[in-house]
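Shown below: protein.cif, with mmCIF, C-alpha atoms and all ligand atoms.
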data_structure
#
loop_
_atom_site.label_atom_id
_atom_site.label_comp_id
_atom_site.auth_asym_id
_atom_site.auth_seq_id
_atom_site.Cartn_x
_atom_site.Cartn_y
_atom_site.Cartn_z
CA MET A 1037 -153.72 -90.19 98.72
CA SER A 1038 -151.26 -91.56 96.13
CA ALA A 1039 -151.98 -94.78 94.22
CA ALA A 1040 -149.01 -96.34 96.06
CA ALA A 1041 -150.39 -95.45 99.49
CA ASP A 1042 -153.86 -96.62 98.45
CA TYR A 1043 -152.48 -99.99 97.39
CA LEU A 1044 -150.42 -100.37 100.58
CA ARG A 1045 -153.37 -99.42 102.77
CA TYR A 1046 -155.44 -102.11 101.06
CA ARG A 1047 -152.68 -104.71 101.61
CA LEU A 1048 -152.13 -103.64 105.25
CA GLY A 1049 -155.75 -104.20 106.20
CA ASP A 1050 -156.17 -103.25 109.86
CA ARG A 1051 -152.46 -103.28 110.69
CA ARG A 1052 -151.16 -99.98 112.05
CA PRO A 1053 -147.32 -100.04 111.95
CA VAL A 1054 -145.64 -98.02 114.72
CA ALA A 1055 -142.65 -97.42 112.44
CA ALA A 1056 -141.19 -98.07 109.03
CA MET A 1057 -137.70 -99.51 108.76
CA VAL A 1058 -135.38 -99.48 105.78
CA LEU A 1059 -132.99 -102.41 105.93
CA GLY A 1060 -129.71 -102.12 104.09
CA SER A 1061 -127.84 -104.84 102.25
CA GLY A 1062 -127.15 -107.94 104.31
CA LEU A 1063 -129.49 -106.83 107.09
CA GLY A 1064 -132.33 -108.98 105.90
CA LEU A 1065 -132.21 -111.28 108.91
CA LEU A 1066 -134.54 -109.00 110.85
CA VAL A 1067 -137.15 -109.77 108.23
CA ASP A 1068 -137.02 -113.48 109.03
CA ALA A 1069 -138.03 -112.70 112.62
CA ILE A 1070 -141.25 -110.96 111.55
CA ALA A 1071 -144.40 -112.91 112.40
CA ASP A 1072 -147.60 -112.99 110.32
CA ALA A 1073 -145.69 -111.37 107.48
CA VAL A 1074 -147.40 -109.88 104.46
CA ARG A 1075 -144.84 -109.50 101.66
CA ILE A 1076 -145.30 -106.91 98.95
CA PRO A 1077 -142.63 -106.70 96.21
CA PHE A 1078 -141.73 -103.12 95.22
CA ALA A 1079 -142.68 -104.08 91.66
CA GLU A 1080 -146.32 -104.53 92.75
CA VAL A 1081 -146.65 -101.03 94.16
CA PRO A 1082 -147.63 -98.34 91.64
CA GLY A 1083 -144.77 -95.92 91.05
CA PHE A 1084 -142.22 -97.68 93.26
CA PRO A 1085 -138.62 -97.96 91.98
CA VAL A 1086 -137.12 -101.37 91.38
CA SER A 1087 -133.59 -102.24 92.46
CA ALA A 1088 -131.25 -104.52 90.60
CA VAL A 1089 -128.34 -104.60 93.10
CA THR A 1090 -127.45 -108.04 94.36
CA GLY A 1091 -128.44 -108.52 97.98
CA HIS A 1092 -131.35 -106.10 97.83
CA ALA A 1093 -134.67 -107.86 97.82
CA GLY A 1094 -136.79 -104.80 97.19
CA GLU A 1095 -139.95 -105.74 99.03
CA ILE A 1096 -142.12 -104.44 101.81
CA VAL A 1097 -142.74 -106.80 104.69
CA VAL A 1098 -145.47 -105.92 107.15
CA GLY A 1099 -145.93 -107.96 110.31
CA ARG A 1100 -145.36 -108.29 114.05
CA LEU A 1101 -142.05 -107.88 115.83
CA GLY A 1102 -141.51 -107.22 119.53
CA GLY A 1103 -145.27 -107.15 120.00
CA ARG A 1104 -145.79 -104.32 117.51
CA ASP A 1105 -146.91 -103.98 113.92
CA ILE A 1106 -144.05 -102.73 111.77
CA LEU A 1107 -143.48 -102.07 108.11
CA VAL A 1108 -140.07 -103.09 106.81
CA LEU A 1109 -138.58 -102.01 103.52
CA SER A 1110 -136.20 -104.81 102.74
CA GLY A 1111 -133.83 -103.38 100.20
CA ARG A 1112 -133.70 -99.87 98.85
CA VAL A 1113 -132.73 -98.24 95.60
CA HIS A 1114 -129.53 -96.20 95.71
CA TYR A 1115 -128.56 -92.99 93.97
CA TYR A 1116 -125.84 -94.85 92.09
CA GLU A 1117 -128.35 -97.20 90.48
CA ALA A 1118 -130.64 -94.53 89.18
CA GLY A 1119 -128.56 -91.35 88.95
CA ASP A 1120 -131.47 -89.76 90.78
CA ALA A 1121 -131.11 -88.62 94.40
CA ALA A 1122 -134.92 -88.63 94.71
CA VAL A 1123 -135.27 -92.26 93.59
CA MET A 1124 -136.75 -93.22 97.00
CA ARG A 1125 -139.21 -90.33 97.06
CA PRO A 1126 -142.29 -92.38 96.06
CA VAL A 1127 -141.49 -94.88 98.80
CA ILE A 1128 -140.98 -92.36 101.60
CA ALA A 1129 -143.98 -90.35 100.39
CA ALA A 1130 -146.24 -93.42 100.49
CA ILE A 1131 -145.14 -94.33 104.01
CA ALA A 1132 -145.75 -90.80 105.23
CA ASP A 1133 -149.11 -90.87 103.43
CA LEU A 1134 -150.06 -93.99 105.39
CA GLY A 1135 -149.65 -91.97 108.58
CA ILE A 1136 -146.47 -93.72 109.74
CA GLU A 1137 -144.56 -91.04 111.63
CA ARG A 1138 -141.28 -92.76 112.46
CA LEU A 1139 -138.64 -93.97 110.05
CA LEU A 1140 -135.68 -96.09 111.02
CA LEU A 1141 -132.93 -96.16 108.40
CA THR A 1142 -130.14 -98.71 108.42
CA ASN A 1143 -127.15 -99.18 106.17
CA SER A 1144 -123.79 -100.80 105.98
CA ALA A 1145 -120.89 -98.43 106.14
CA GLY A 1146 -117.15 -98.14 106.28
CA SER A 1147 -115.53 -96.99 109.51
CA VAL A 1148 -113.23 -94.00 109.49
CA ARG A 1149 -112.28 -94.59 113.12
CA GLU A 1150 -109.59 -97.01 114.27
CA ASP A 1151 -111.56 -97.67 117.47
CA MET A 1152 -114.79 -98.65 115.66
CA PRO A 1153 -114.01 -102.00 114.01
CA PRO A 1154 -116.06 -104.03 111.51
CA SER A 1155 -119.24 -105.54 113.00
CA SER A 1156 -119.77 -102.47 115.22
CA VAL A 1157 -123.13 -100.71 115.17
CA MET A 1158 -123.11 -96.92 114.99
CA MET A 1159 -126.11 -94.71 115.66
CA ILE A 1160 -126.10 -91.78 113.24
CA GLU A 1161 -126.10 -88.54 115.22
CA ASP A 1162 -125.74 -86.28 112.22
CA HIS A 1163 -124.64 -86.48 108.61
CA ILE A 1164 -122.45 -84.70 106.08
CA ASN A 1165 -123.85 -84.30 102.59
CA TYR A 1166 -120.79 -83.22 100.61
CA SER A 1167 -122.09 -84.75 97.39
CA GLY A 1168 -123.62 -81.68 95.78
CA LEU A 1169 -126.75 -83.78 95.38
CA ASN A 1170 -130.08 -83.35 97.09
CA PRO A 1171 -133.37 -85.19 96.53
CA LEU A 1172 -135.29 -81.92 96.81
CA ILE A 1173 -133.56 -80.21 93.89
CA GLY A 1174 -136.37 -79.37 91.49
CA GLU A 1175 -139.05 -79.39 94.18
CA ALA A 1176 -141.09 -76.30 93.41
CA SER A 1177 -142.68 -75.39 96.75
CA ASP A 1178 -141.10 -73.43 99.59
CA ALA A 1179 -141.37 -76.64 101.60
CA ARG A 1180 -138.08 -77.58 99.89
CA PHE A 1181 -136.18 -75.44 102.41
CA VAL A 1182 -136.18 -78.21 104.99
CA GLY A 1183 -134.50 -77.54 108.33
CA MET A 1184 -131.89 -80.17 109.11
CA THR A 1185 -130.93 -79.03 112.62
CA ALA A 1186 -132.78 -81.96 114.17
CA ALA A 1187 -132.47 -84.38 111.26
CA TYR A 1188 -131.98 -87.35 113.57
CA ASP A 1189 -134.65 -87.23 116.26
CA ALA A 1190 -133.25 -86.68 119.77
CA GLU A 1191 -135.94 -88.70 121.56
CA LEU A 1192 -135.68 -91.68 119.21
CA ARG A 1193 -131.89 -91.60 119.52
CA GLU A 1194 -132.18 -91.74 123.28
CA ARG A 1195 -134.59 -94.66 123.01
CA LEU A 1196 -132.22 -96.48 120.66
CA ALA A 1197 -129.36 -95.99 123.13
CA THR A 1198 -131.55 -97.33 125.93
CA ALA A 1199 -132.51 -100.33 123.79
CA ALA A 1200 -128.82 -101.09 123.17
CA GLU A 1201 -128.25 -101.08 126.94
CA THR A 1202 -131.21 -103.40 127.47
CA ALA A 1203 -129.86 -105.73 124.79
CA GLY A 1204 -126.34 -105.58 126.27
CA GLU A 1205 -124.90 -104.37 122.96
CA THR A 1206 -122.34 -101.62 122.42
CA LEU A 1207 -123.74 -98.78 120.35
CA PHE A 1208 -121.31 -96.25 118.92
CA GLY A 1209 -122.52 -92.79 117.99
CA GLY A 1210 -121.18 -90.72 115.15
CA VAL A 1211 -121.41 -88.77 111.93
CA TYR A 1212 -122.24 -90.50 108.63
CA MET A 1213 -120.88 -89.01 105.44
CA TRP A 1214 -122.63 -89.75 102.16
CA PHE A 1215 -120.61 -90.62 99.08
CA SER A 1216 -122.49 -91.28 95.86
CA GLY A 1217 -120.69 -94.54 95.04
CA PRO A 1218 -120.72 -96.96 93.40
CA SER A 1219 -116.91 -96.90 93.46
CA PHE A 1220 -115.52 -96.94 96.98
CA GLU A 1221 -113.61 -93.97 98.35
CA THR A 1222 -109.91 -93.40 97.86
CA PRO A 1223 -107.64 -93.42 100.93
CA VAL A 1224 -107.34 -89.64 100.64
CA GLU A 1225 -111.12 -89.25 100.57
CA ILE A 1226 -111.28 -91.29 103.77
CA ARG A 1227 -108.69 -88.97 105.33
CA MET A 1228 -110.77 -86.01 104.19
CA ALA A 1229 -113.90 -87.55 105.70
CA ARG A 1230 -112.10 -87.97 109.03
CA THR A 1231 -110.79 -84.40 108.91
CA LEU A 1232 -114.30 -83.12 108.22
CA GLY A 1233 -115.64 -84.92 111.27
CA ALA A 1234 -117.09 -88.12 109.81
CA ASP A 1235 -117.00 -91.40 111.70
CA ALA A 1236 -118.45 -93.58 108.94
CA VAL A 1237 -118.92 -93.38 105.18
CA GLY A 1238 -121.59 -94.91 102.99
CA MET A 1239 -123.67 -94.73 99.84
CA SER A 1240 -127.23 -94.35 101.13
CA THR A 1241 -129.48 -92.99 103.89
CA VAL A 1242 -128.76 -89.25 103.56
CA PRO A 1243 -131.21 -88.63 100.69
CA GLU A 1244 -133.82 -90.72 102.53
CA THR A 1245 -133.36 -88.69 105.70
CA ILE A 1246 -133.81 -85.46 103.75
CA LEU A 1247 -136.97 -86.82 102.09
CA ALA A 1248 -138.36 -88.09 105.38
CA ARG A 1249 -137.83 -84.68 107.01
CA PHE A 1250 -139.50 -83.08 103.99
CA PHE A 1251 -142.54 -85.30 104.60
CA GLY A 1252 -142.51 -84.50 108.31
CA MET A 1253 -141.34 -87.87 109.59
CA ARG A 1254 -139.08 -88.42 112.60
CA VAL A 1255 -135.87 -90.23 111.68
CA VAL A 1256 -133.51 -92.50 113.55
CA ALA A 1257 -130.66 -94.27 111.77
CA ALA A 1258 -127.92 -96.80 112.39
CA SER A 1259 -124.94 -98.09 110.43
CA VAL A 1260 -123.56 -101.59 110.55
CA ILE A 1261 -119.82 -101.27 110.08
CA THR A 1262 -118.62 -103.82 107.53
CA ASN A 1263 -115.07 -102.62 106.93
CA TYR A 1264 -112.47 -99.98 107.67
CA GLY A 1265 -112.39 -97.16 105.16
CA ALA A 1266 -110.10 -97.36 102.14
CA GLY A 1267 -106.41 -97.19 102.98
CA MET A 1268 -106.83 -97.97 106.68
CA THR A 1269 -105.75 -101.60 106.41
CA GLY A 1270 -104.00 -101.85 103.05
CA ALA A 1271 -106.63 -104.28 101.76
CA GLU A 1272 -108.79 -103.48 98.72
CA LEU A 1273 -112.51 -103.07 99.42
CA SER A 1274 -115.19 -105.13 97.73
CA HIS A 1275 -118.95 -105.45 97.70
CA ALA A 1276 -118.53 -109.16 98.45
CA GLU A 1277 -116.66 -108.30 101.66
CA THR A 1278 -119.26 -105.80 102.79
CA LYS A 1279 -122.04 -108.33 102.11
CA ASP A 1280 -120.17 -111.07 103.98
CA MET A 1281 -119.55 -108.85 106.99
CA ALA A 1282 -122.99 -107.26 107.26
CA PRO A 1283 -124.79 -110.16 108.98
CA LYS A 1284 -122.41 -110.06 111.97
CA GLY A 1285 -123.14 -106.49 112.94
CA GLY A 1286 -126.61 -106.95 111.51
CA ALA A 1287 -127.39 -109.54 114.19
CA ARG A 1288 -126.32 -106.99 116.79
CA LEU A 1289 -128.50 -104.32 115.30
CA ALA A 1290 -131.41 -106.77 115.09
CA ARG A 1291 -131.12 -107.44 118.86
CA ILE A 1292 -131.04 -103.70 119.57
CA LEU A 1293 -134.09 -103.06 117.40
CA GLY A 1294 -135.94 -106.00 118.93
CA ALA A 1295 -135.34 -104.47 122.37
CA MET A 1296 -136.42 -101.06 121.12
CA LEU A 1297 -139.73 -102.44 119.85
CA GLU A 1298 -140.33 -104.45 123.03
CA ASN A 1299 -139.48 -101.42 125.19
CA GLY A 1300 -142.09 -99.43 123.30
CA GLY A 1301 -139.32 -97.29 121.80
CA PHE A 1302 -141.36 -96.69 118.66
CA ASP A 1303 -144.66 -96.14 120.50
CA ASP A 1304 -146.20 -92.71 121.03
N1 LIG A 1401 -117.59 -96.94 101.71
C1 LIG A 1401 -118.80 -96.63 101.23
N2 LIG A 1401 -119.88 -97.39 101.43
C2 LIG A 1401 -119.73 -98.51 102.14
C3 LIG A 1401 -118.50 -98.90 102.67
C4 LIG A 1401 -117.37 -98.06 102.44
O1 LIG A 1401 -116.24 -98.33 102.88
N3 LIG A 1401 -118.69 -100.08 103.34
C5 LIG A 1401 -120.01 -100.37 103.21
N4 LIG A 1401 -120.64 -99.44 102.50
#
For the file at hand, write its structure as C-alpha cells.
Ligand code: HPA
Amino acid sequence: MSAAADYLRYRLGDRRPVAAMVLGSGLGLLVDAIADAVRIPFAEVPGFPVSAVTGHAGEIVVGRLGGRDILVLSGRVHYYEAGDAAVMRPVIAAIADLGIERLLLTNSAGSVREDMPPSSVMMIEDHINYSGLNPLIGEASDARFVGMTAAYDAELRERLATAAETAGETLFGGVYMWFSGPSFETPVEIRMARTLGADAVGMSTVPETILARFFGMRVVAASVITNYGAGMTGAELSHAETKDMAPKGGARLARILGAMLENGGFDD
C-alpha cells in the first residue's frame, strides 16, 4: 500500500466510504452538508499534488451523507496547472488502494447546446479526448491499454438518473469534451465540438476517468453547466462568471447526489 493510502487509512479509522466524489470549482456546498467530517488537506497526504487555483480548496473530507460514509475530494488539480495529465494519479491511486470502488466526478462546464442553459446538470454519458494528452502516457505495463468502451458505468448512470427523478430535478445526458485550458475555447472550437458530437466542454474529468478505469474503479460523472460555450451569446467568458454560476446548478446536483446516497445508489 502507498504511503498516501496508509495515511488516509489511519485518518479514516473505521469509516468505510461507499464512494469517492471529486467536487469541481464552486461545488463545495455539498461538503457543508457532510456530518462528522474529518478534513484532511491535500498538503498533509504524502505525494498528493497541491492546487493553487482560486476556488479549489484541495482537501479530503470524509463523513456521513445520506446515511452513508463518503470520501469527498474538495478541489482537484488540473492539467493546466501542472502541465501533467497524470497530476491526479496519486490521488486516484490512493482511493483505489483504500478499496473504494466507485468514483463520482463532477465539474463545471460550458454548454454547447442551445437547449441546455446555464445551471443545468448534465450526466456524462461518454467523453471526447481530442487533446492529444493522456495520463497513461509513459506507463510501462500493458495495463496502460485501458478499454474505454464502458468508461462511464451503465448501472451507476441508471442510478443517477433514478436519483434525479426522486429529487424532482431535470438531468440532461450528454458527451463531455476535454479541452486543456486554461484559456477558454474560441467560437470556432465550440462549433467544432458540437460538430464532433459534444454537448459540453470543460477542462477536467477526462484524465481522472482514464486513471480511475486504469485502477479498476467504476466511474459516474456529472457537469454543472455554468455558461454557454464561447460565441453562443456574444459575451466574453470569465472564470469569475463560471464561479458565480456554479452554486446554482451545484445545489441541483447536490440534491440529486443526496437522493442517490439515500436511495443506496452507491451501495453494492
Ligand atoms: N469551457 C471550458 N471549461 C469550462 C467552461 C467553458 O466554457 N465553463 C466552465 N468550465
Practice item. For each of A:Ala1287, A:Met1239, A:Ala1055, A:Leu1297, take the minimum atom-to-atom distance to A:Val1113, counting all atoms listed in the file, then give the residue where this is smallest. Key: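 Using all atoms listed in the file, the shortest distance to A:Val1113 belongs to A:Met1239.
For stretch 1124-1128 of chain A, the non-local neighbours within 8 Å, defined as residues at least 2 positions apart in the same chain or in other chains and counting all atoms listed in the file, are Ala1040, Gly1083, Phe1084, Pro1085, Arg1112, Val1113, His1114, Ala1121, Ala1122, Ala1130, Ile1131, Ala1132, Pro1171, Glu1244, Leu1247, Ala1248 and Phe1251 of chain A.
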Draw an axis-aligned box tight on the listed atoms of ligand LIG 1401 (chain A), then pad every side by 3 Å and write out centre and edge lengths in Å to one decimal as lines of an AutoDock Vina configuration file.
center_x = -118.4
center_y = -98.5
center_z = 102.3
size_x = 10.4
size_y = 9.7
size_z = 8.1
Practice item. Would you list the residues that come within 10 Å of ligand LIG 1401 (chain A)? Count all atoms listed in the file and give the answer as an NGL selection string. Key: :A and (1060-1061 or 1143-1148 or 1154 or 1213-1222 or 1226 or 1236-1240 or 1259-1267 or 1272-1275 or 1277-1279 or 1281-1282)
Practice item. Pick out the residues sitting within 9 Å of A:Arg1249, and hand them over as a list of chain:residue names; count all atoms listed in the file, and ignore anything fewer than 5 positions along from it in its own chain. Key: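 In the requested format, the answer is A:Val1182, A:Gly1183, A:Met1184, A:Ala1187, A:Glu1244, A:Arg1254, A:Val1255.
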Review point. Atom CA of A:Gly1099 and atom CA of A:Phe1078 are how many Å apart?
Key: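 Distance reported for this atom pair: 16.4 Å.
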Exercise for review: Counting all atoms listed in the file, figure out which residue out of A:Asp1235, A:Asp1280, A:Glu1080, A:Glu1225 gets nearest to A:Ile1164.
Suggested key: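 So, comparing all the options, the nearest one is A:Asp1235.
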